[in-house]
file my_file-v1.cif (mmCIF, C-alpha atoms and all ligand atoms)
data_upload
#
loop_
_atom_site.label_atom_id
_atom_site.label_comp_id
_atom_site.auth_asym_id
_atom_site.auth_seq_id
_atom_site.Cartn_x
_atom_site.Cartn_y
_atom_site.Cartn_z
CA MET A 1 17.48 6.53 4.84
CA LYS A 2 13.96 6.38 3.48
CA LYS A 3 13.41 5.75 -0.21
CA ILE A 4 10.11 6.94 -1.60
CA ILE A 5 7.86 4.18 -2.95
CA VAL A 6 4.97 4.89 -5.33
CA ALA A 7 2.20 2.30 -5.11
CA GLY A 8 -0.98 2.28 -7.18
CA ASN A 9 -4.23 0.65 -6.20
CA TRP A 10 -6.42 0.19 -9.25
CA LYS A 11 -9.24 -1.34 -7.21
CA MET A 12 -12.01 -2.78 -9.44
CA ASN A 13 -11.13 -0.68 -12.48
CA LYS A 14 -9.75 -1.26 -15.99
CA THR A 15 -10.53 -3.84 -18.62
CA TYR A 16 -7.89 -6.34 -19.67
CA LEU A 17 -6.92 -4.22 -22.67
CA GLU A 18 -6.70 -1.01 -20.62
CA ALA A 19 -4.52 -2.74 -18.05
CA LYS A 20 -2.15 -4.06 -20.72
CA GLN A 21 -1.96 -0.61 -22.31
CA PHE A 22 -0.94 0.91 -18.98
CA ILE A 23 1.91 -1.60 -18.62
CA ALA A 24 2.96 -0.94 -22.23
CA GLN A 25 3.15 2.80 -21.46
CA MET A 26 5.15 2.10 -18.32
CA ASN A 27 7.58 -0.04 -20.35
CA GLN A 28 8.12 2.96 -22.66
CA LYS A 29 9.01 5.30 -19.82
CA SER A 30 12.67 6.26 -19.69
CA SER A 31 14.51 4.53 -16.89
CA PHE A 32 13.96 5.49 -13.27
CA GLY A 33 15.11 4.08 -9.95
CA THR A 34 12.04 4.61 -7.77
CA GLU A 35 10.27 1.48 -6.63
CA VAL A 36 6.77 1.31 -8.12
CA ILE A 37 4.09 -1.16 -7.05
CA LEU A 38 0.86 -1.67 -8.96
CA GLY A 39 -2.13 -3.23 -7.20
CA VAL A 40 -3.94 -4.77 -10.16
CA PRO A 41 -7.03 -6.96 -10.57
CA ALA A 42 -6.01 -10.53 -9.70
CA LEU A 43 -7.40 -11.82 -12.97
CA TYR A 44 -4.79 -9.94 -15.02
CA SER A 45 -1.85 -10.21 -12.68
CA ASP A 46 -0.08 -13.02 -14.52
CA THR A 47 -0.25 -11.32 -17.93
CA LEU A 48 0.73 -7.94 -16.49
CA TYR A 49 3.62 -9.55 -14.63
CA ALA A 50 4.78 -11.21 -17.84
CA ASN A 51 4.38 -8.00 -19.90
CA ASN A 52 6.18 -5.77 -17.43
CA GLN A 53 9.75 -5.03 -18.52
CA LYS A 54 10.73 -2.69 -15.68
CA GLU A 55 12.76 -4.29 -12.94
CA ASN A 56 11.63 -1.83 -10.28
CA VAL A 57 7.94 -2.04 -11.19
CA HIS A 58 6.24 -4.72 -9.13
CA ILE A 59 2.80 -6.23 -9.63
CA ALA A 60 0.69 -6.59 -6.49
CA LEU A 61 -2.66 -8.14 -5.68
CA GLN A 62 -5.30 -6.25 -3.72
CA ASN A 63 -6.52 -8.97 -1.38
CA CYS A 64 -5.96 -12.62 -0.45
CA SER A 65 -7.57 -15.39 1.54
CA ASP A 66 -6.98 -15.95 5.23
CA GLN A 67 -6.80 -19.70 4.49
CA SER A 68 -3.94 -21.60 2.91
CA GLU A 69 -5.87 -23.92 0.54
CA GLY A 70 -8.98 -25.99 0.14
CA ALA A 71 -12.73 -25.59 -0.32
CA PHE A 72 -13.03 -21.80 -0.28
CA THR A 73 -14.88 -20.97 -3.50
CA GLY A 74 -13.76 -17.77 -5.15
CA GLU A 75 -10.79 -17.16 -2.86
CA ILE A 76 -7.14 -16.66 -3.85
CA SER A 77 -4.45 -17.91 -1.49
CA ALA A 78 -1.12 -16.36 -0.66
CA ARG A 79 0.53 -19.52 -1.99
CA MET A 80 -1.13 -18.99 -5.37
CA ILE A 81 0.07 -15.39 -5.41
CA ALA A 82 3.60 -16.49 -4.57
CA SER A 83 3.49 -19.14 -7.30
CA LEU A 84 3.12 -16.33 -9.88
CA ALA A 85 6.25 -14.68 -8.44
CA VAL A 86 4.06 -11.74 -7.37
CA LYS A 87 5.83 -10.14 -4.43
CA TYR A 88 3.25 -7.81 -2.86
CA CYS A 89 -0.38 -7.89 -1.79
CA ILE A 90 -2.54 -5.13 -0.31
CA VAL A 91 -4.32 -6.29 2.82
CA GLY A 92 -6.72 -4.67 5.29
CA HIS A 93 -7.78 -1.92 2.92
CA SER A 94 -10.61 0.14 4.45
CA GLU A 95 -12.95 -0.89 1.63
CA ARG A 96 -12.40 -4.51 2.64
CA ARG A 97 -12.84 -3.64 6.31
CA THR A 98 -16.00 -1.56 5.88
CA ILE A 99 -17.78 -3.06 2.85
CA TYR A 100 -16.81 -6.71 3.44
CA GLY A 101 -16.66 -6.59 7.22
CA GLU A 102 -13.02 -7.65 7.59
CA THR A 103 -11.95 -7.56 11.22
CA ASP A 104 -8.49 -6.93 12.64
CA ASP A 105 -8.18 -10.66 13.37
CA LEU A 106 -9.05 -11.60 9.79
CA VAL A 107 -6.55 -9.06 8.48
CA ASN A 108 -3.94 -10.53 10.83
CA ALA A 109 -4.62 -14.03 9.44
CA LYS A 110 -4.15 -12.73 5.90
CA VAL A 111 -0.92 -10.94 6.85
CA LYS A 112 0.38 -14.24 8.26
CA GLN A 113 -0.62 -16.19 5.16
CA LEU A 114 1.24 -13.71 2.96
CA LEU A 115 4.38 -13.72 5.09
CA ASP A 116 4.40 -17.52 5.21
CA SER A 117 4.48 -17.49 1.40
CA ASN A 118 7.08 -14.72 1.17
CA VAL A 119 4.66 -12.18 -0.26
CA ARG A 120 5.08 -8.73 1.27
CA PRO A 121 1.83 -7.41 2.77
CA ILE A 122 0.94 -3.76 2.16
CA PHE A 123 -0.92 -3.48 5.42
CA CYS A 124 -3.53 -0.68 5.42
CA LEU A 125 -4.91 1.10 8.42
CA GLY A 126 -6.60 4.38 9.24
CA GLU A 127 -9.45 6.02 11.09
CA THR A 128 -12.91 7.02 9.86
CA LEU A 129 -14.17 10.60 9.98
CA SER A 130 -16.27 10.01 13.08
CA GLU A 131 -13.32 8.37 14.85
CA ARG A 132 -11.18 11.40 14.02
CA GLU A 133 -13.87 13.78 15.24
CA LEU A 134 -14.06 11.84 18.50
CA ASP A 135 -10.30 12.25 18.87
CA GLN A 136 -9.74 8.50 18.53
CA THR A 137 -7.27 8.56 15.63
CA PHE A 138 -4.26 7.38 17.60
CA SER A 139 -6.13 4.75 19.60
CA ILE A 140 -7.65 3.30 16.41
CA VAL A 141 -4.32 3.22 14.62
CA GLU A 142 -2.69 1.63 17.65
CA ARG A 143 -5.41 -1.04 17.83
CA GLN A 144 -5.09 -1.82 14.13
CA LEU A 145 -1.31 -2.12 14.44
CA THR A 146 -1.45 -4.26 17.59
CA LEU A 147 -4.10 -6.67 16.33
CA GLY A 148 -3.13 -6.65 12.67
CA LEU A 149 0.50 -7.46 13.42
CA GLN A 150 -0.04 -9.75 16.40
CA ASP A 151 2.17 -12.83 16.81
CA LEU A 152 4.62 -11.82 14.10
CA SER A 153 8.35 -12.35 14.46
CA ASN A 154 10.73 -9.45 13.95
CA GLU A 155 11.72 -11.01 10.66
CA ASP A 156 8.07 -11.06 9.59
CA VAL A 157 7.63 -7.43 10.53
CA SER A 158 10.71 -6.47 8.55
CA ASN A 159 8.86 -7.60 5.39
CA ILE A 160 5.79 -5.45 5.90
CA VAL A 161 4.89 -2.20 4.18
CA ILE A 162 2.38 -0.08 6.09
CA ALA A 163 -0.09 2.27 4.44
CA TYR A 164 -1.82 4.91 6.55
CA GLU A 165 -5.06 5.70 4.77
CA PRO A 166 -7.49 7.90 6.67
CA VAL A 167 -10.87 6.58 5.53
CA TRP A 168 -12.31 10.10 5.20
CA ALA A 169 -9.64 10.94 2.62
CA ILE A 170 -10.07 7.87 0.38
CA GLY A 171 -11.72 8.69 -2.93
CA THR A 172 -13.18 11.90 -1.50
CA GLY A 173 -10.78 14.45 -2.94
CA ILE A 174 -10.08 15.55 0.65
CA THR A 175 -6.43 14.88 1.39
CA ALA A 176 -5.04 14.85 4.90
CA SER A 177 -2.88 17.94 5.30
CA LYS A 178 0.82 17.23 5.44
CA GLU A 179 0.69 17.96 9.19
CA GLN A 180 -2.25 15.61 9.79
CA ALA A 181 -0.60 12.82 7.81
CA GLU A 182 2.87 13.31 9.29
CA GLU A 183 1.47 13.26 12.81
CA VAL A 184 -0.02 9.78 12.34
CA HIS A 185 3.04 8.54 10.42
CA ALA A 186 5.29 9.71 13.25
CA PHE A 187 2.99 7.99 15.76
CA THR A 188 3.15 4.77 13.72
CA ALA A 189 6.93 4.96 13.35
CA ASN A 190 7.22 5.47 17.08
CA TYR A 191 4.93 2.52 17.81
CA LEU A 192 7.11 0.30 15.61
CA LYS A 193 10.25 1.61 17.27
CA GLU A 194 8.99 0.87 20.76
CA LYS A 195 7.77 -2.57 19.83
CA TYR A 196 10.50 -3.81 17.49
CA GLY A 197 13.45 -1.52 18.19
CA SER A 198 14.91 1.32 16.20
CA PRO A 199 17.08 -0.54 13.68
CA LEU A 200 14.15 -2.65 12.47
CA ALA A 201 11.51 0.09 12.70
CA SER A 202 13.61 2.48 10.65
CA THR A 203 13.43 0.10 7.66
CA ILE A 204 9.62 -0.28 7.56
CA PRO A 205 8.08 1.94 4.88
CA ILE A 206 4.93 3.83 5.89
CA LEU A 207 3.01 5.03 2.82
CA TYR A 208 0.25 7.61 2.81
CA GLY A 209 -3.03 6.99 0.97
CA GLY A 210 -6.17 9.04 0.55
CA SER A 211 -6.64 11.41 -2.41
CA CYS A 212 -2.90 11.54 -2.94
CA ASN A 213 -2.25 13.03 -6.39
CA GLU A 214 0.27 14.89 -8.53
CA LYS A 215 -0.57 18.18 -6.80
CA ASN A 216 0.01 17.11 -3.19
CA ALA A 217 2.56 14.30 -3.61
CA LEU A 218 5.60 16.57 -3.24
CA GLU A 219 4.60 18.08 0.07
CA LEU A 220 3.38 14.77 1.47
CA PHE A 221 6.41 12.74 0.37
CA SER A 222 8.72 15.44 1.78
CA GLN A 223 7.55 14.77 5.34
CA PRO A 224 10.13 12.92 7.44
CA ASN A 225 7.95 9.86 8.17
CA ILE A 226 6.06 9.59 4.86
CA TRP A 227 7.72 7.08 2.54
CA GLY A 228 5.54 7.57 -0.49
CA GLY A 229 1.96 6.90 -1.45
CA LEU A 230 -0.68 4.26 -1.97
CA ILE A 231 -2.61 5.91 -4.74
CA GLY A 232 -6.10 5.00 -5.95
CA GLY A 233 -7.82 7.40 -8.35
CA ALA A 234 -4.60 9.09 -9.44
CA SER A 235 -3.02 5.75 -10.38
CA LEU A 236 -5.55 4.96 -13.09
CA GLN A 237 -4.38 7.35 -15.77
CA PHE A 238 -0.81 6.63 -16.81
CA GLU A 239 0.21 10.28 -17.37
CA VAL A 240 -0.98 11.31 -13.91
CA PHE A 241 0.67 8.35 -12.20
CA GLU A 242 3.84 9.01 -14.16
CA ASN A 243 3.96 12.57 -12.80
CA ILE A 244 3.83 11.18 -9.27
CA ILE A 245 6.66 8.74 -10.05
CA ASP A 246 8.69 11.67 -11.38
CA ILE A 247 8.13 13.63 -8.16
CA ALA A 248 9.30 10.63 -6.12
CA GLU A 249 12.27 10.12 -8.41
CA LYS A 250 13.43 13.69 -7.85
CA LEU A 251 13.12 13.33 -4.08
CA ASN A 252 14.95 9.99 -4.18
CA ASN A 253 17.74 11.62 -6.15
CA GLY A 254 17.97 14.46 -3.61
CA ARG A 255 16.57 17.10 -5.95
P1 LIG B 301 -7.65 7.31 -3.50
O1 LIG B 301 -7.57 5.81 -2.92
O2 LIG B 301 -6.25 7.72 -3.88
O3 LIG B 301 -8.56 7.23 -4.68
O4 LIG B 301 -8.18 8.17 -2.41
C1 LIG B 301 -6.48 5.40 -2.14
C2 LIG B 301 -6.69 3.98 -1.70
O5 LIG B 301 -7.83 3.61 -1.40
O6 LIG B 301 -5.74 3.17 -1.63
#
call {"tool": "encode", "arguments": {"input": "my_file-v1.cif", "output": "structure tokens"}}
result
Amino acid sequence: MKKIIVAGNWKMNKTYLEAKQFIAQMNQKSSFGTEVILGVPALYSDTLYANNQKENVHIALQNCSDQSEGAFTGEISARMIASLAVKYCIVGHSERRTIYGETDDLVNAKVKQLLDSNVRPIFCLGETLSERELDQTFSIVERQLTLGLQDLSNEDVSNIVIAYEPVWAIGTGITASKEQAEEVHAFTANYLKEKYGSPLASTIPILYGGSCNEKNALELFSQPNIWGGLIGGASLQFEVFENIIDIAEKLNNGR
């Protein structure tokens, strides 16, 4: 049975004070059971982790190094992330792939680093607009899955969260329709099933990201293969993000 997860991706937004205020507001929220993950700026992660009082709210980083340690100025290793007791890290986000030129192989190396340190990767994939227009959506997603998850054990794969984020929907206000999103989620679920078997595949969450907000969350999260959202813009304002958590909470409680 899927449980909806609500993940935020703050990207390079919020000052230290704003970030702490958000966590303080979250601490005030009456109790809920939905799992919430917040991808915060690395610089604040320790303070936010310490300030967070909600057991089911998890702090995540947004990126990590493909190397384990050493002379890599400016990089943050998976081991460092694990040493803060941070349990999740976004990896392979399309902004990293397109702006910083991250390849599937580099993303795979980062996924492995995270798994070796017991940090759960939130592994992002998705096609660009031109790839969709050329009818390449499924082949791109399949390539990203195959290369991004190469040489992982079944146990490794069982610790991954996948986020399907069509690049044309990220930050554009254009959301994939529930049919467009569900189609790729079903394809991904099927890929995982064929490769790793049904029992394992049925436990891997596949989140949707790309202009997901309080208006479309209900219809998206209600799709059979959509396990929640990885939310950028709509995760920045507490009240908006809270509304999305409340939608997920209702679905998780069967209402
Ligand atoms: P968006 O970003 O919700 O602002 O489209 C999603 C993401 O990039 O993770």
call {"tool": "closest_residue", "arguments": {"input": "my_file-v1.cif", "among": "A:Gln144, A:Asn243, A:Gln136, A:Asn9", "to": "ligand LIG 301 (chain B)", "atoms": "only C-alpha atoms and all ligand atoms"}}
result
A:Asn9
call {"tool": "residues_near_ligand", "arguments": {"input": "my_file-v1.cif", "ligand": "ligand LIG 301 (chain B)", "cutoff": "6 Å", "atoms": "all atoms listed in the file", "output": "MDAnalysis selection string"}}
result
chainID A and resid 9 169:171 209:212 230:234
call {"tool": "atom_distance", "arguments": {"input": "my_file-v1.cif", "atom1": "atom CA of Gly228 of chain A", "atom2": "atom CA of Leu149 of chain A"}}
result
21.1 Å
call {"tool": "residues_around", "arguments": {"input": "my_file-v1.cif", "residues": "Glu142 of chain A", "least_positions_apart": "2", "cutoff": "12 Å", "atoms": "only C-alpha atoms", "output": "list in words"}}
result
Asp104, Leu125, Gly126, Glu127, Gln136, Thr137, Phe138, Ser139, Ile140, Gln144, Leu145, Thr146, Leu147, Gly148, Leu149, Gln150, Tyr164, Val184, His185, Phe187, Thr188, Ala189, Asn190, Tyr191, Leu192 and Lys195 of chain A
call {"tool": "atom_distance", "arguments": {"input": "my_file-v1.cif", "atom1": "atom CA of Pro224 of chain A", "atom2": "atom CA of Asn159 of chain A"}}
result
20.7 Å
call {"tool": "closest_residue", "arguments": {"input": "my_file-v1.cif", "among": "A:Leu38, A:Met1, A:Ala217, A:Val141", "to": "Pro199 of chain A", "atoms": "all atoms listed in the file"}}
result
A:Met1
call {"tool": "atom_distance", "arguments": {"input": "my_file-v1.cif", "atom1": "atom CA of Ile5 of chain A", "atom2": "atom CA of Phe221 of chain A"}}
result
9.3 Å
call {"tool": "residues_near_point", "arguments": {"input": "my_file-v1.cif", "point": "(13.2, 11.2, -9.9)", "cutoff": "12 Å", "atoms": "only C-alpha atoms", "output": "mmCIF file with C-alpha atoms, keeping the file's coordinate frame"}}
result
data_model
loop_
_atom_site.group_PDB
_atom_site.id
_atom_site.type_symbol
_atom_site.label_atom_id
_atom_site.label_comp_id
_atom_site.auth_asym_id
_atom_site.auth_seq_id
_atom_site.Cartn_x
_atom_site.Cartn_y
_atom_site.Cartn_z
ATOM 1 C CA LYS A 3 13.410 5.750 -0.210
ATOM 2 C CA ILE A 4 10.110 6.940 -1.600
ATOM 3 C CA ILE A 5 7.860 4.180 -2.950
ATOM 4 C CA VAL A 6 4.970 4.890 -5.330
ATOM 5 C CA SER A 30 12.670 6.260 -19.690
ATOM 6 C CA SER A 31 14.510 4.530 -16.890
ATOM 7 C CA PHE A 32 13.960 5.490 -13.270
ATOM 8 C CA GLY A 33 15.110 4.080 -9.950
ATOM 9 C CA THR A 34 12.040 4.610 -7.770
ATOM 10 C CA GLU A 35 10.270 1.480 -6.630
ATOM 11 C CA VAL A 36 6.770 1.310 -8.120
ATOM 12 C CA LEU A 218 5.600 16.570 -3.240
ATOM 13 C CA GLU A 242 3.840 9.010 -14.160
ATOM 14 C CA ASN A 243 3.960 12.570 -12.800
ATOM 15 C CA ILE A 244 3.830 11.180 -9.270
ATOM 16 C CA ILE A 245 6.660 8.740 -10.050
ATOM 17 C CA ASP A 246 8.690 11.670 -11.380
ATOM 18 C CA ILE A 247 8.130 13.630 -8.160
ATOM 19 C CA ALA A 248 9.300 10.630 -6.120
ATOM 20 C CA GLU A 249 12.270 10.120 -8.410
ATOM 21 C CA LYS A 250 13.430 13.690 -7.850
ATOM 22 C CA LEU A 251 13.120 13.330 -4.080
ATOM 23 C CA ASN A 252 14.950 9.990 -4.180
ATOM 24 C CA ASN A 253 17.740 11.620 -6.150
ATOM 25 C CA GLY A 254 17.970 14.460 -3.610
ATOM 26 C CA ARG A 255 16.570 17.100 -5.950
#
call {"tool": "closest_residue", "arguments": {"input": "my_file-v1.cif", "among": "A:Leu152, A:Lys215, A:Pro205, A:Ile23", "to": "Thr47 of chain A", "atoms": "only C-alpha atoms"}}
result
A:Ile23
call {"tool": "closest_residue", "arguments": {"input": "my_file-v1.cif", "among": "A:Cys64, A:Val240, A:Leu134, A:Ala50", "to": "Lys20 of chain A", "atoms": "all atoms listed in the file"}}
result
A:Ala50
call {"tool": "closest_residue", "arguments": {"input": "my_file-v1.cif", "among": "A:Leu129, A:Cys124, A:Val86, A:Met12", "to": "Leu48 of chain A", "atoms": "only C-alpha atoms"}}
result
A:Val86
call {"tool": "closest_residue", "arguments": {"input": "my_file-v1.cif", "among": "A:Ser153, A:Met80, A:Ser94, A:Val107", "to": "Trp168 of chain A", "atoms": "all atoms listed in the file"}}
result
A:Ser94
call {"tool": "residues_around", "arguments": {"input": "my_file-v1.cif", "residues": "segment 121-123 of chain A", "least_positions_apart": "3", "cutoff": "9 Å", "atoms": "all atoms listed in the file", "output": "PyMOL selection string"}}
result
chain A and resi 62+87-93+107+110-112+114-115+148+159-164
call {"tool": "residues_around", "arguments": {"input": "my_file-v1.cif", "residues": "Trp10 of chain A", "least_positions_apart": "4", "cutoff": "7 Å", "atoms": "all atoms listed in the file", "output": "number ranges by chain"}}
result
A: 39-40, 232, 235-236
call {"tool": "build_atoms", "arguments": {"input": "my_file-v1.cif", "residues": "segment 68-79 of chain A", "atoms": "all heavy atoms", "output": "compact mmCIF listing (two decimals), in the frame of the given file"}}
result
# COMPACT_ATOMS: atom_id res chain seq x y z
N SER A 68 -5.07 -21.23 3.78
CA SER A 68 -3.94 -21.60 2.91
C SER A 68 -4.38 -22.34 1.64
O SER A 68 -3.84 -22.10 0.57
CB SER A 68 -2.90 -22.41 3.68
OG SER A 68 -3.52 -23.53 4.24
N GLU A 69 -5.34 -23.27 1.75
CA GLU A 69 -5.87 -23.92 0.54
C GLU A 69 -7.12 -24.72 0.89
O GLU A 69 -7.42 -24.91 2.06
CB GLU A 69 -4.83 -24.84 -0.11
CG GLU A 69 -4.45 -26.04 0.70
CD GLU A 69 -3.41 -26.91 -0.01
OE1 GLU A 69 -3.21 -26.77 -1.23
OE2 GLU A 69 -2.82 -27.74 0.67
N GLY A 70 -7.85 -25.13 -0.13
CA GLY A 70 -8.98 -25.99 0.14
C GLY A 70 -10.29 -25.47 -0.42
O GLY A 70 -10.30 -24.71 -1.39
N ALA A 71 -11.39 -25.87 0.20
CA ALA A 71 -12.73 -25.59 -0.32
C ALA A 71 -13.19 -24.19 0.11
O ALA A 71 -13.96 -24.04 1.05
CB ALA A 71 -13.69 -26.67 0.19
N PHE A 72 -12.67 -23.19 -0.57
CA PHE A 72 -13.03 -21.80 -0.28
C PHE A 72 -13.34 -21.12 -1.62
O PHE A 72 -12.51 -20.37 -2.17
CB PHE A 72 -11.89 -21.09 0.46
CG PHE A 72 -11.53 -21.76 1.76
CD1 PHE A 72 -10.45 -22.62 1.83
CD2 PHE A 72 -12.31 -21.55 2.89
CE1 PHE A 72 -10.14 -23.28 3.02
CE2 PHE A 72 -12.01 -22.21 4.08
CZ PHE A 72 -10.92 -23.08 4.15
N THR A 73 -14.51 -21.41 -2.16
CA THR A 73 -14.88 -20.97 -3.50
C THR A 73 -14.66 -19.48 -3.72
O THR A 73 -15.11 -18.67 -2.92
CB THR A 73 -16.37 -21.34 -3.76
OG1 THR A 73 -16.50 -22.75 -3.59
CG2 THR A 73 -16.80 -20.95 -5.17
N GLY A 74 -13.95 -19.17 -4.77
CA GLY A 74 -13.76 -17.77 -5.15
C GLY A 74 -12.56 -17.11 -4.51
O GLY A 74 -12.22 -15.98 -4.86
N GLU A 75 -11.89 -17.79 -3.58
CA GLU A 75 -10.79 -17.16 -2.86
C GLU A 75 -9.44 -17.39 -3.58
O GLU A 75 -9.29 -18.33 -4.36
CB GLU A 75 -10.70 -17.74 -1.45
CG GLU A 75 -11.83 -17.32 -0.55
CD GLU A 75 -11.79 -15.83 -0.21
OE1 GLU A 75 -10.98 -15.44 0.63
OE2 GLU A 75 -12.56 -15.07 -0.81
N ILE A 76 -8.49 -16.54 -3.28
CA ILE A 76 -7.14 -16.66 -3.85
C ILE A 76 -6.15 -16.71 -2.68
O ILE A 76 -6.15 -15.82 -1.83
CB ILE A 76 -6.84 -15.46 -4.76
CG1 ILE A 76 -7.76 -15.50 -5.99
CG2 ILE A 76 -5.36 -15.43 -5.18
CD1 ILE A 76 -7.67 -14.29 -6.89
N SER A 77 -5.35 -17.75 -2.63
CA SER A 77 -4.45 -17.91 -1.49
C SER A 77 -3.12 -17.21 -1.70
O SER A 77 -2.71 -16.93 -2.84
CB SER A 77 -4.18 -19.40 -1.23
OG SER A 77 -3.32 -19.90 -2.24
N ALA A 78 -2.45 -16.96 -0.60
CA ALA A 78 -1.12 -16.36 -0.66
C ALA A 78 -0.15 -17.26 -1.43
O ALA A 78 0.71 -16.79 -2.17
CB ALA A 78 -0.60 -16.12 0.76
N ARG A 79 -0.33 -18.57 -1.27
CA ARG A 79 0.53 -19.52 -1.99
C ARG A 79 0.36 -19.39 -3.50
O ARG A 79 1.31 -19.51 -4.27
CB ARG A 79 0.16 -20.95 -1.56
CG ARG A 79 1.33 -21.72 -1.04
CD ARG A 79 0.88 -23.08 -0.58
NE ARG A 79 1.40 -24.11 -1.49
CZ ARG A 79 0.73 -25.19 -1.82
NH1 ARG A 79 -0.48 -25.41 -1.36
NH2 ARG A 79 1.29 -26.06 -2.63
